[in-house]
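So this block is structure-v7.txt, compact mmCIF, C-alpha atoms and all ligand atoms:
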# COMPACT_ATOMS: atom_id res chain seq x y z
CA MET A 12 0.00 0.00 0.00
CA SER A 13 1.31 3.46 -0.81
CA GLU A 14 0.63 6.75 0.91
CA GLN A 15 1.66 8.92 -2.05
CA GLY A 16 0.93 12.53 -1.31
CA PHE A 17 -0.11 12.19 2.35
CA LYS A 18 -0.52 15.75 3.66
CA PRO A 19 -0.45 15.86 7.45
CA LYS A 20 -2.35 18.72 9.08
CA HIS A 21 -1.59 17.97 12.72
CA ILE A 22 1.55 16.09 13.72
CA LEU A 23 2.27 14.72 17.17
CA ALA A 24 6.06 14.89 17.57
CA THR A 25 7.14 12.82 20.57
CA GLY A 26 10.50 13.89 22.00
CA GLY A 27 10.20 17.22 20.19
CA CYS A 28 12.25 18.98 22.89
CA GLY A 29 15.27 16.73 22.27
CA PHE A 30 18.02 17.25 19.72
CA ILE A 31 16.64 15.61 16.55
CA GLY A 32 12.97 16.12 17.42
CA ALA A 33 13.42 19.86 18.01
CA ASN A 34 15.35 20.26 14.76
CA PHE A 35 12.50 18.45 12.96
CA VAL A 36 9.84 20.63 14.62
CA ARG A 37 11.80 23.72 13.53
CA TYR A 38 12.15 22.30 10.00
CA VAL A 39 8.39 21.70 9.69
CA ALA A 40 7.50 25.07 11.24
CA ARG A 41 9.79 26.82 8.75
CA ASN A 42 8.87 24.87 5.60
CA HIS A 43 5.22 23.93 6.24
CA PRO A 44 3.54 26.74 8.17
CA ASP A 45 0.12 25.16 7.53
CA VAL A 46 0.99 22.09 9.64
CA HIS A 47 0.12 22.19 13.34
CA ILE A 48 2.54 20.42 15.69
CA THR A 49 1.90 19.09 19.17
CA VAL A 50 5.14 18.24 20.93
CA LEU A 51 4.81 15.53 23.59
CA ASP A 52 7.91 15.48 25.77
CA LYS A 53 8.64 14.31 29.30
CA LEU A 54 11.51 16.80 29.60
CA THR A 55 14.04 14.31 30.91
CA TYR A 56 17.61 15.55 31.44
CA ALA A 57 17.87 15.48 27.58
CA GLY A 58 14.73 17.50 26.87
CA ASN A 59 14.80 21.29 26.93
CA PRO A 60 11.77 23.46 26.10
CA ALA A 61 14.20 26.19 24.96
CA ASN A 62 14.92 23.96 21.93
CA ILE A 63 11.59 25.00 20.43
CA ASP A 64 11.59 28.59 21.70
CA GLY A 65 10.61 31.31 19.27
CA LEU A 66 8.24 29.18 17.16
CA PRO A 67 4.72 30.56 16.64
CA GLN A 68 2.46 29.48 19.52
CA SER A 69 -0.42 29.21 17.07
CA GLN A 70 1.50 26.47 15.25
CA VAL A 71 3.52 24.62 17.90
CA GLU A 72 2.23 23.57 21.31
CA LEU A 73 4.09 21.68 24.03
CA VAL A 74 2.44 19.01 26.16
CA ILE A 75 4.71 17.90 28.99
CA GLY A 76 4.13 14.21 29.61
CA ASP A 77 5.30 10.63 29.27
CA ILE A 78 4.72 8.46 26.18
CA CYS A 79 4.09 5.58 28.62
CA ASP A 80 1.01 7.40 29.98
CA ALA A 81 -1.85 5.72 28.11
CA SER A 82 -4.54 8.03 29.52
CA LEU A 83 -2.62 11.10 28.32
CA LEU A 84 -2.28 9.53 24.85
CA GLU A 85 -6.06 8.93 24.86
CA ARG A 86 -6.48 12.70 25.20
CA ILE A 87 -3.97 13.93 22.60
CA VAL A 88 -3.68 11.28 19.87
CA PRO A 89 -7.26 11.50 18.51
CA GLY A 90 -6.73 15.12 17.37
CA CYS A 91 -3.68 14.23 15.26
CA ASP A 92 -3.36 12.71 11.80
CA ALA A 93 0.30 11.65 12.15
CA ILE A 94 2.71 10.68 14.91
CA VAL A 95 6.42 11.13 14.35
CA HIS A 96 8.05 9.22 17.19
CA PHE A 97 11.42 10.65 18.27
CA ALA A 98 11.12 10.23 22.05
CA ALA A 99 13.71 7.86 23.46
CA GLU A 100 16.48 7.40 25.94
CA SER A 101 19.23 7.93 23.38
CA HIS A 102 22.69 7.65 24.93
CA ASN A 103 24.63 4.38 24.70
CA ASP A 104 26.89 5.11 27.68
CA ASN A 105 23.90 5.73 29.95
CA SER A 106 22.28 2.49 28.80
CA ILE A 107 25.37 0.52 29.81
CA PHE A 108 25.22 1.83 33.38
CA ASP A 109 21.41 1.88 33.80
CA PRO A 110 19.42 0.01 31.13
CA GLU A 111 16.00 0.16 32.83
CA PRO A 112 14.78 3.57 31.56
CA PHE A 113 15.73 2.48 28.03
CA ILE A 114 13.44 -0.52 28.17
CA ARG A 115 10.64 1.51 29.68
CA THR A 116 10.67 4.46 27.29
CA ASN A 117 11.97 2.86 24.11
CA VAL A 118 10.05 -0.41 24.29
CA GLU A 119 7.01 0.12 26.54
CA GLY A 120 6.57 3.75 25.44
CA THR A 121 6.63 2.77 21.77
CA MET A 122 4.03 0.08 22.43
CA ARG A 123 1.69 2.60 24.13
CA LEU A 124 1.99 4.92 21.13
CA LEU A 125 1.35 2.08 18.70
CA GLU A 126 -1.80 1.12 20.62
CA ALA A 127 -3.11 4.69 20.48
CA ALA A 128 -2.14 5.14 16.81
CA CYS A 129 -3.95 1.93 15.92
CA LYS A 130 -7.05 2.75 17.92
CA TYR A 131 -7.43 6.16 16.24
CA ASP A 132 -6.05 5.13 12.81
CA VAL A 133 -3.23 7.67 12.92
CA ARG A 134 -0.30 7.49 10.44
CA PHE A 135 2.87 6.52 12.36
CA HIS A 136 6.51 7.21 11.54
CA HIS A 137 9.12 5.60 13.76
CA ILE A 138 12.54 7.20 14.17
CA SER A 139 15.22 4.60 14.64
CA THR A 140 18.95 4.13 14.34
CA ASP A 141 21.54 2.27 12.28
CA GLU A 142 22.80 0.79 15.56
CA VAL A 143 20.11 -1.90 15.40
CA TYR A 144 22.34 -3.62 12.79
CA GLY A 145 25.32 -3.88 15.14
CA ASP A 146 28.66 -2.93 13.65
CA LEU A 147 30.90 -3.54 10.65
CA ALA A 148 34.62 -4.29 10.54
CA LEU A 149 36.84 -1.27 9.88
CA ASP A 150 38.25 -2.79 6.68
CA ASP A 151 34.92 -4.14 5.36
CA PRO A 152 33.63 -2.34 2.25
CA ALA A 153 30.05 -3.38 3.18
CA ARG A 154 27.44 -0.89 4.38
CA PHE A 155 24.09 -1.44 6.13
CA ASP A 156 20.97 -1.56 3.99
CA GLU A 157 17.30 -2.36 4.63
CA ASN A 158 18.05 -6.11 4.49
CA SER A 159 20.88 -6.14 7.01
CA PRO A 160 20.28 -8.53 9.93
CA TYR A 161 19.45 -7.11 13.35
CA ARG A 162 22.46 -7.51 15.66
CA PRO A 163 22.33 -4.77 18.34
CA SER A 164 25.26 -4.48 20.77
CA SER A 165 24.22 -2.20 23.66
CA PRO A 166 21.11 -2.05 25.84
CA TYR A 167 20.23 1.18 23.96
CA SER A 168 20.46 -0.36 20.50
CA ALA A 169 18.70 -3.53 21.68
CA SER A 170 15.80 -1.42 22.97
CA LYS A 171 15.61 0.44 19.63
CA ALA A 172 15.69 -2.90 17.77
CA ALA A 173 12.79 -4.10 19.94
CA SER A 174 10.84 -0.94 19.10
CA ASP A 175 11.39 -1.49 15.36
CA HIS A 176 10.04 -5.04 15.68
CA LEU A 177 6.97 -3.77 17.54
CA VAL A 178 6.22 -1.26 14.76
CA ARG A 179 6.44 -4.01 12.12
CA ALA A 180 4.23 -6.32 14.21
CA TRP A 181 1.55 -3.63 14.61
CA THR A 182 1.70 -2.91 10.87
CA ARG A 183 1.30 -6.52 9.84
CA THR A 184 -1.08 -7.74 12.53
CA TYR A 185 -3.31 -4.71 13.09
CA GLY A 186 -2.91 -2.88 9.76
CA LEU A 187 -1.27 0.22 11.28
CA ARG A 188 -0.15 2.70 8.58
CA ALA A 189 3.51 2.94 9.58
CA THR A 190 6.98 3.54 8.21
CA ILE A 191 10.39 3.25 9.88
CA SER A 192 13.64 5.11 9.25
CA ASN A 193 17.04 4.09 10.58
CA CYS A 194 19.50 6.97 10.51
CA SER A 195 23.21 7.30 11.13
CA ASN A 196 24.91 9.68 13.63
CA ASN A 197 23.43 13.18 13.59
CA TYR A 198 25.24 16.40 14.42
CA GLY A 199 24.19 20.04 14.53
CA PRO A 200 22.66 22.56 16.96
CA TYR A 201 20.77 21.62 20.15
CA GLN A 202 22.63 18.31 20.68
CA HIS A 203 23.14 17.43 24.34
CA VAL A 204 26.67 17.89 25.72
CA GLU A 205 26.90 14.19 26.59
CA LYS A 206 27.29 13.30 22.88
CA PHE A 207 30.70 13.12 21.17
CA ILE A 208 30.84 16.32 19.11
CA PRO A 209 29.19 18.75 21.59
CA ARG A 210 31.15 17.21 24.48
CA GLN A 211 34.48 17.96 22.81
CA ILE A 212 33.52 21.47 21.62
CA THR A 213 32.25 22.55 25.04
CA SER A 214 35.19 20.99 26.90
CA ILE A 215 37.63 22.92 24.70
CA MET A 216 35.63 26.09 25.37
CA GLU A 217 36.03 25.44 29.11
CA GLY A 218 39.77 24.84 28.75
CA VAL A 219 39.44 21.11 29.46
CA ARG A 220 41.17 18.53 27.24
CA PRO A 221 38.65 16.54 25.17
CA LYS A 222 38.37 12.77 25.62
CA LEU A 223 38.72 10.01 23.03
CA TYR A 224 37.54 6.46 23.79
CA GLY A 225 39.73 3.43 23.14
CA THR A 226 41.87 3.63 20.00
CA GLY A 227 39.82 6.37 18.33
CA GLU A 228 39.64 4.22 15.18
CA ASN A 229 35.89 3.64 15.49
CA VAL A 230 34.01 5.02 12.50
CA ARG A 231 30.70 6.88 12.55
CA ASP A 232 28.70 7.93 9.45
CA TRP A 233 27.82 11.59 10.11
CA ILE A 234 24.73 13.40 8.79
CA HIS A 235 23.66 16.96 9.51
CA THR A 236 20.40 16.92 11.45
CA GLU A 237 18.82 19.23 8.85
CA ASP A 238 19.27 16.49 6.23
CA HIS A 239 17.74 13.96 8.64
CA SER A 240 14.69 16.24 8.99
CA SER A 241 14.18 16.55 5.23
CA ALA A 242 14.45 12.76 4.83
CA VAL A 243 11.87 12.14 7.57
CA TRP A 244 9.49 14.63 5.94
CA GLU A 245 9.81 12.83 2.56
CA ILE A 246 9.18 9.42 4.13
CA LEU A 247 6.22 10.66 6.18
CA THR A 248 4.53 12.28 3.21
CA ARG A 249 5.59 10.06 0.29
CA GLY A 250 6.99 6.82 1.75
CA ARG A 251 5.31 3.47 1.18
CA ILE A 252 3.36 2.12 4.14
CA GLY A 253 5.06 -0.84 5.81
CA GLU A 254 8.47 0.11 4.44
CA THR A 255 11.78 0.87 6.12
CA TYR A 256 14.18 3.48 4.75
CA LEU A 257 17.80 3.93 5.80
CA ILE A 258 18.97 7.55 6.05
CA GLY A 259 22.63 8.47 5.59
CA ALA A 260 24.79 11.06 3.89
CA ASP A 261 28.00 9.13 3.03
CA GLY A 262 29.77 10.79 5.94
CA GLU A 263 32.04 8.05 7.30
CA MET A 264 34.86 9.33 9.49
CA SER A 265 36.96 7.91 12.34
CA ASN A 266 36.50 9.45 15.78
CA ILE A 267 40.14 10.51 15.90
CA ALA A 268 39.77 12.35 12.58
CA VAL A 269 36.70 14.19 13.89
CA MET A 270 38.53 15.00 17.13
CA ARG A 271 41.52 16.46 15.25
CA MET A 272 39.22 18.49 12.99
CA ILE A 273 37.40 19.99 16.00
CA LEU A 274 40.70 20.89 17.67
CA ARG A 275 42.08 22.46 14.48
CA LEU A 276 38.89 24.45 13.81
CA MET A 277 39.00 25.73 17.39
CA GLY A 278 42.62 26.87 17.06
CA CYS A 279 44.19 24.11 19.19
CA ALA A 280 46.95 21.58 18.52
CA GLU A 281 45.48 18.48 16.91
CA ASP A 282 46.95 16.19 19.58
CA ALA A 283 45.61 18.21 22.55
CA PHE A 284 43.24 15.46 23.72
CA ASP A 285 43.30 12.64 26.30
CA TRP A 286 42.77 8.94 25.64
CA VAL A 287 40.24 7.45 28.07
CA ARG A 288 38.76 4.05 28.90
CA ASP A 289 36.87 2.49 26.00
CA ARG A 290 33.10 2.02 25.98
CA PRO A 291 32.29 -1.64 26.81
CA GLY A 292 31.09 -3.42 23.65
CA HIS A 293 32.02 -0.33 21.58
CA ASP A 294 30.69 -0.71 18.01
CA ARG A 295 33.55 -0.40 15.54
CA ARG A 296 31.96 1.05 12.43
CA TYR A 297 28.58 2.19 11.14
CA ALA A 298 28.00 2.85 7.43
CA ILE A 299 24.70 3.46 5.64
CA ASP A 300 23.66 2.68 2.09
CA SER A 301 20.71 5.05 1.54
CA SER A 302 20.11 4.09 -2.13
CA LYS A 303 16.49 3.06 -1.51
CA LEU A 304 15.54 6.47 -0.10
CA ARG A 305 17.45 8.29 -2.85
CA THR A 306 16.08 6.30 -5.78
CA GLU A 307 12.52 5.73 -4.55
CA LEU A 308 11.81 9.16 -3.06
CA GLY A 309 14.48 11.26 -4.78
CA TRP A 310 15.87 12.51 -1.45
CA LYS A 311 19.42 13.71 -1.21
CA PRO A 312 21.39 15.40 1.55
CA VAL A 313 22.51 18.98 0.99
CA ARG A 314 24.71 19.62 4.07
CA THR A 315 27.42 17.25 2.85
CA ASP A 316 30.48 19.43 3.53
CA PHE A 317 31.28 17.97 6.97
CA GLU A 318 33.99 20.49 7.81
CA ALA A 319 31.66 23.42 7.01
CA GLY A 320 28.89 21.77 9.08
CA LEU A 321 31.25 21.23 11.99
CA GLN A 322 32.47 24.83 11.80
CA ALA A 323 28.84 26.05 11.92
CA THR A 324 28.10 23.70 14.83
CA ILE A 325 31.12 25.02 16.76
CA ALA A 326 29.89 28.58 16.08
CA TRP A 327 26.45 27.61 17.43
CA TYR A 328 27.91 26.28 20.72
CA VAL A 329 30.10 29.37 21.05
CA ALA A 330 27.06 31.63 20.55
CA ASN A 331 24.79 29.59 22.86
CA ARG A 332 26.84 29.06 25.99
CA ALA A 333 23.82 29.76 28.22
CA TRP A 334 22.01 26.86 26.54
CA TRP A 335 24.61 24.16 27.30
CA GLU A 336 26.43 25.41 30.38
CA PRO A 337 23.81 24.29 32.96
CA ALA A 338 24.14 20.64 31.81
CA LYS A 339 27.92 20.50 31.43
CA ALA A 340 29.15 19.99 35.02
CA ALA A 341 26.72 17.16 35.84
CA THR A 342 27.48 15.44 32.52
CA GLU A 343 31.22 15.54 33.14
CA ALA A 344 30.75 14.33 36.74
CA ARG A 345 28.90 11.30 35.35
CA TYR A 346 31.69 10.62 32.84
CA ARG A 347 34.36 11.00 35.55
CA ALA A 348 32.59 8.38 37.67
CA GLN A 349 32.71 6.04 34.66
CA GLY A 350 36.43 6.71 34.03
CA GLN A 351 35.65 8.52 30.80
P1 LIG B 1 17.66 13.17 22.81
O1 LIG B 1 18.08 12.36 23.96
O2 LIG B 1 18.37 14.44 22.50
O3 LIG B 1 16.10 13.56 22.95
C1 LIG B 1 15.14 12.63 23.41
C2 LIG B 1 13.89 13.41 23.80
O4 LIG B 1 12.88 12.47 24.20
C3 LIG B 1 14.10 14.37 24.97
O5 LIG B 1 13.47 15.61 24.70
C4 LIG B 1 13.42 13.66 26.14
O6 LIG B 1 12.93 14.56 27.12
C5 LIG B 1 12.31 12.92 25.42
N1 LIG B 1 11.83 11.75 26.18
C6 LIG B 1 12.60 10.77 26.73
N2 LIG B 1 11.81 9.87 27.36
C7 LIG B 1 10.53 10.27 27.16
C8 LIG B 1 9.28 9.74 27.57
N3 LIG B 1 9.18 8.60 28.27
N4 LIG B 1 8.16 10.41 27.20
C9 LIG B 1 8.24 11.56 26.48
N5 LIG B 1 9.40 12.10 26.09
C10 LIG B 1 10.54 11.46 26.43
O7 LIG B 1 17.69 12.17 21.56
P2 LIG B 1 18.00 12.46 20.02
O8 LIG B 1 19.45 12.33 19.79
O9 LIG B 1 17.28 13.69 19.61
O10 LIG B 1 17.30 11.19 19.36
C11 LIG B 1 15.93 11.25 18.94
C12 LIG B 1 15.56 9.95 18.28
O11 LIG B 1 16.41 9.72 17.16
C13 LIG B 1 15.72 8.73 19.18
O12 LIG B 1 14.65 7.85 18.93
C14 LIG B 1 17.03 8.11 18.74
O13 LIG B 1 17.04 6.72 18.96
C15 LIG B 1 17.01 8.44 17.26
N6 LIG B 1 18.33 8.55 16.58
C16 LIG B 1 19.28 9.39 17.09
C17 LIG B 1 20.49 9.53 16.39
C18 LIG B 1 21.57 10.51 16.88
O14 LIG B 1 22.62 10.59 16.25
N7 LIG B 1 21.35 11.27 17.95
C19 LIG B 1 20.72 8.82 15.22
C20 LIG B 1 19.72 7.96 14.75
C21 LIG B 1 18.53 7.84 15.43
O1 LIG B 2 33.64 11.56 24.91
C1 LIG B 2 33.45 10.74 24.01
N1 LIG B 2 34.52 10.21 23.35
C2 LIG B 2 34.40 9.30 22.35
O2 LIG B 2 35.41 8.86 21.78
C3 LIG B 2 32.11 10.33 23.61
C4 LIG B 2 30.91 10.88 24.30
C5 LIG B 2 32.01 9.42 22.57
N2 LIG B 2 33.11 8.92 21.96
C6 LIG B 2 32.95 7.99 20.81
C7 LIG B 2 31.98 6.86 20.99
C8 LIG B 2 31.43 6.68 19.59
O3 LIG B 2 32.30 5.85 18.83
O4 LIG B 2 32.41 8.81 19.77
C9 LIG B 2 31.46 8.07 18.98
C10 LIG B 2 30.11 8.79 19.02
O5 LIG B 2 29.60 8.65 20.34
P1 LIG B 2 28.13 9.16 20.75
O6 LIG B 2 28.02 10.61 20.44
O7 LIG B 2 27.85 8.70 22.13
O8 LIG B 2 27.22 8.43 19.66
P2 LIG B 2 26.95 6.87 19.31
O9 LIG B 2 27.21 5.99 20.46
O10 LIG B 2 27.63 6.58 18.00
O11 LIG B 2 25.34 6.92 19.10
C11 LIG B 2 24.72 8.03 18.40
O12 LIG B 2 24.38 7.67 17.09
C12 LIG B 2 23.36 6.71 16.93
C13 LIG B 2 23.48 8.50 19.14
O13 LIG B 2 23.84 8.85 20.46
C14 LIG B 2 22.41 7.44 19.13
O14 LIG B 2 21.23 7.94 19.74
C15 LIG B 2 22.12 7.05 17.72
O15 LIG B 2 21.22 5.99 17.68
Output the file's structure as structure tokens, nothing else.
Amino acid sequence: MSEQGFKPKHILATGGCGFIGANFVRYVARNHPDVHITVLDKLTYAGNPANIDGLPQSQVELVIGDICDASLLERIVPGCDAIVHFAAESHNDNSIFDPEPFIRTNVEGTMRLLEAACKYDVRFHHISTDEVYGDLALDDPARFDENSPYRPSSPYSASKAASDHLVRAWTRTYGLRATISNCSNNYGPYQHVEKFIPRQITSIMEGVRPKLYGTGENVRDWIHTEDHSSAVWEILTRGRIGETYLIGADGEMSNIAVMRMILRLMGCAEDAFDWVRDRPGHDRRYAIDSSKLRTELGWKPVRTDFEAGLQATIAWYVANRAWWEPAKAATEARYRAQGQ
């Protein structure tokens, strides 16, 4: 079944006060002013209402609440014609030290949303990650595609894999109109300081040496969050129901190369970082083949100059110190306790 030309009028964006969700809400508000957006967000440590500040109140409304709260979903889902599900516990390192909230939000929360979407026949788009496919060897030319086997490594990626399976089960068994996208590592504004790129930028700004895990050879496939938003919009409005699309921008780079680039762009010596304890079970390499999305829906990324994107991201953190500073000390205290 195809949903060619689906035109949402009222989107429920779960996790819309987090990094990728807020960038998507801003993208829709800017490009589709006729679409109303309800953001449902629990405002965990990773959610910040300031991420959607400045958007027209007539277009974007925030409901503070938990996706696991079925009675709340009963109140807000019926008014919507699409759910774009970003809300999650999203940080691998946290999942290693305390998996429980990951199972609750990512698995149980997704199930509650699926039940409500089914009951009120609401179009559902599930935001997932390439990490569900595990990792690739550093010297392997292969990339992940829609047929790659599920092989998650961390409690986080296992919980996201479980949520993908639930979406497929609800589609096949109950006829839910759903799509799934699995994206590679995002970067850009509003990303929490616990994540690799913002952590290093903000540490350097505070005069603290940035920290590289293990050998630094691990490879991530970077995409600017703006390109992720445009891909999600295309899949939501023109994707085929029941299908999965991988999103990536051919941005493979080793962590040490990214670290050196950040240091150079910030005027520091490229070796001015510390090696720290590796992440247990650390995935070696992610790489996405996004041919299906590009050929079927004609999507392509536009922010493909990684160095220019990184420079702009550094400029954003420099200009928005008040946004990240309150979270920095507690984040670093948590890392210190973990030896990282
Ligand atoms: P984030 O941690 O920055 O934001 C998550 C948001 O969800 C926060 O606003 C938080 O308050 C909210 N939230 C958490 N639990 C909730 C609950 N129970 N009820 C309601 N709201 C809740 O995460 P992110 O990096 O923006 O990731 C968003 C989505 O994209 C996640 O599903 C993640 O798995 C996926 N993803 C992320 C990346 C990446 O590089 N960051 C890549 C691919 C996929
Ligand atoms: O200080 C650090 N030093 C370091 O070397 C941190 C925080 C990370 N790293 C490494 C670990 C990873 O190889 O950098 C790489 C990126 O780390 P994260 O930013 O934690 O991202 P990752 O674990 O790759 O997962 C991200 O991409 C996929 C998102 O956090 C997930 O939500 C998404 O699913």
Q. Restricting the calculation to all atoms listed in the file, which member of A:Glu111, A:Asp232, A:Asp282, A:Glu237 is positioned closest to Asp261 (chain A)?
A. A:Asp232
Q: Pick out the residues no farther than 7 Å from ligand LIG 1 (chain B), counting only C-alpha atoms and all ligand atoms, and list them as an MDAnalysis selection string.
A: chainID A and resid 25:32 51:59 76:79 96:102 116 120 138:141 171 193:198 202:203
Could you tell me, counting only C-alpha atoms and all ligand atoms, which protein and nucleic acid residues lie no more than 9 Å from ligand LIG 2 (chain B), written as a short mmCIF file (atom, residue, chain, number, x, y, z; two decimals) with C-alpha atoms, in the frame of the given file?
data_model
loop_
_atom_site.label_atom_id
_atom_site.label_comp_id
_atom_site.auth_asym_id
_atom_site.auth_seq_id
_atom_site.Cartn_x
_atom_site.Cartn_y
_atom_site.Cartn_z
CA ALA A 99 13.71 7.86 23.46
CA GLU A 100 16.48 7.40 25.94
CA SER A 101 19.23 7.93 23.38
CA HIS A 102 22.69 7.65 24.93
CA ASN A 103 24.63 4.38 24.70
CA ASP A 104 26.89 5.11 27.68
CA SER A 139 15.22 4.60 14.64
CA THR A 140 18.95 4.13 14.34
CA ASP A 141 21.54 2.27 12.28
CA GLU A 142 22.80 0.79 15.56
CA VAL A 143 20.11 -1.90 15.40
CA TYR A 167 20.23 1.18 23.96
CA SER A 168 20.46 -0.36 20.50
CA LYS A 171 15.61 0.44 19.63
CA ASN A 193 17.04 4.09 10.58
CA CYS A 194 19.50 6.97 10.51
CA SER A 195 23.21 7.30 11.13
CA ASN A 196 24.91 9.68 13.63
CA ASN A 197 23.43 13.18 13.59
CA TYR A 198 25.24 16.40 14.42
CA VAL A 204 26.67 17.89 25.72
CA GLU A 205 26.90 14.19 26.59
CA LYS A 206 27.29 13.30 22.88
CA PHE A 207 30.70 13.12 21.17
CA ILE A 208 30.84 16.32 19.11
CA PRO A 209 29.19 18.75 21.59
CA ARG A 210 31.15 17.21 24.48
CA GLN A 211 34.48 17.96 22.81
CA PRO A 221 38.65 16.54 25.17
CA LYS A 222 38.37 12.77 25.62
CA LEU A 223 38.72 10.01 23.03
CA TYR A 224 37.54 6.46 23.79
CA GLY A 225 39.73 3.43 23.14
CA THR A 226 41.87 3.63 20.00
CA GLY A 227 39.82 6.37 18.33
CA GLU A 228 39.64 4.22 15.18
CA ASN A 229 35.89 3.64 15.49
CA VAL A 230 34.01 5.02 12.50
CA ARG A 231 30.70 6.88 12.55
CA ASP A 232 28.70 7.93 9.45
CA TRP A 233 27.82 11.59 10.11
CA SER A 265 36.96 7.91 12.34
CA ASN A 266 36.50 9.45 15.78
CA ILE A 267 40.14 10.51 15.90
CA MET A 270 38.53 15.00 17.13
CA TRP A 286 42.77 8.94 25.64
CA VAL A 287 40.24 7.45 28.07
CA ASP A 289 36.87 2.49 26.00
CA ARG A 290 33.10 2.02 25.98
CA HIS A 293 32.02 -0.33 21.58
CA ASP A 294 30.69 -0.71 18.01
CA ARG A 295 33.55 -0.40 15.54
CA ARG A 296 31.96 1.05 12.43
CA TYR A 297 28.58 2.19 11.14
CA TYR A 346 31.69 10.62 32.84
CA GLN A 351 35.65 8.52 30.80
#
Q. Closest to Glu263 (chain A) among A:Ala283, A:Leu149, A:Val178, A:Ala348, using all atoms listed in the file?
A.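 With all atoms listed in the file as the atom set, the closest residue is A:Leu149.
Between CA of Ser301 (chain A) and CA of Thr255 (chain A) there is a distance of 10.9 Å.
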**Q.** d(CA of Gly253 (chain A), CA of Thr182 (chain A)) in Å
**A.**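 Value for the CA of Gly253 (chain A)-CA of Thr182 (chain A) distance: 6.4 Å.
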Closest contacts (region 104-201 of chain A/region 324-341 of chain A, max 10 Å, all atoms listed in the file) as JSON lines:
{"residue": "A:Tyr198", "atom": "CA", "partner": "A:Thr324", "partner_atom": "CA", "distance": 7.9}
{"residue": "A:Gly199", "atom": "CA", "partner": "A:Thr324", "partner_atom": "CA", "distance": 5.4}
{"residue": "A:Pro200", "atom": "CA", "partner": "A:Thr324", "partner_atom": "CA", "distance": 6.0}
{"residue": "A:Tyr201", "atom": "CA", "partner": "A:Trp334", "partner_atom": "CA", "distance": 8.4}
Q. How many Å separate CA of Leu73 (chain A) from CA of Arg37 (chain A)?
A. 13.2 Å
Q. Given the choices A:Ile212, A:Leu23, A:Ala33, A:Leu257, which gets closest to Phe155 (chain A) if the distance is worked out from only C-alpha atoms?
A. A:Leu257
Q | Top pick for closest residue to Met264 (chain A), considering A:Gln322, A:Ala298, A:Arg220, A:Lys130 and counting all atoms listed in the file | A |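 For Met264 (chain A), the nearest of the given residues is A:Ala298.
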Show me the residues around (21.1, 4.4, 1.8) - criterion: an atom at most 7 Å away, all atoms listed in the file counted - as a JSON list (two decimals) with C-alpha atoms, keeping the file's coordinate frame.
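Result file out-v2.json:
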[["chain", "number", "residue", "atom", "x", "y", "z"],
["A", 156, "ASP", "CA", 20.97, -1.56, 3.99],
["A", 257, "LEU", "CA", 17.80, 3.93, 5.80],
["A", 258, "ILE", "CA", 18.97, 7.55, 6.05],
["A", 259, "GLY", "CA", 22.63, 8.47, 5.59],
["A", 299, "ILE", "CA", 24.70, 3.46, 5.64],
["A", 300, "ASP", "CA", 23.66, 2.68, 2.09],
["A", 301, "SER", "CA", 20.71, 5.05, 1.54],
["A", 302, "SER", "CA", 20.11, 4.09, -2.13],
["A", 303, "LYS", "CA", 16.49, 3.06, -1.51],
["A", 304, "LEU", "CA", 15.54, 6.47, -0.10]]
Q: Please write as an NGL selection string the list of polymer residues whose atoms come within 9 Å of (13.8, 17.1, 5.2), counting all atoms listed in the file and keeping to the coordinates of the file.
A: :A and (35 or 38-39 or 237-245 or 310 or 312)
Q. Quick one: of A:Gly309, A:Gly350, A:Gly218, A:Gly90, who's nearest to Leu274 (chain A), counting all atoms listed in the file?
A.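 Among the listed residues, the smallest separation from Leu274 (chain A) belongs to A:Gly218.
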Box centre and edge lengths (Å, one decimal), axis-aligned, region 224-239 of chain A plus 6 Å each side, as lines of an AutoDock Vina configuration file:
center_x = 29.8
center_y = 11.3
center_z = 15.0
size_x = 36.1
size_y = 27.8
size_z = 29.6
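Remark: for Thr213 (chain A), the closest of the candidate residues A:Val46, A:Phe135, A:Met277, A:Pro291 is A:Met277 (distances computed over all atoms listed in the file).
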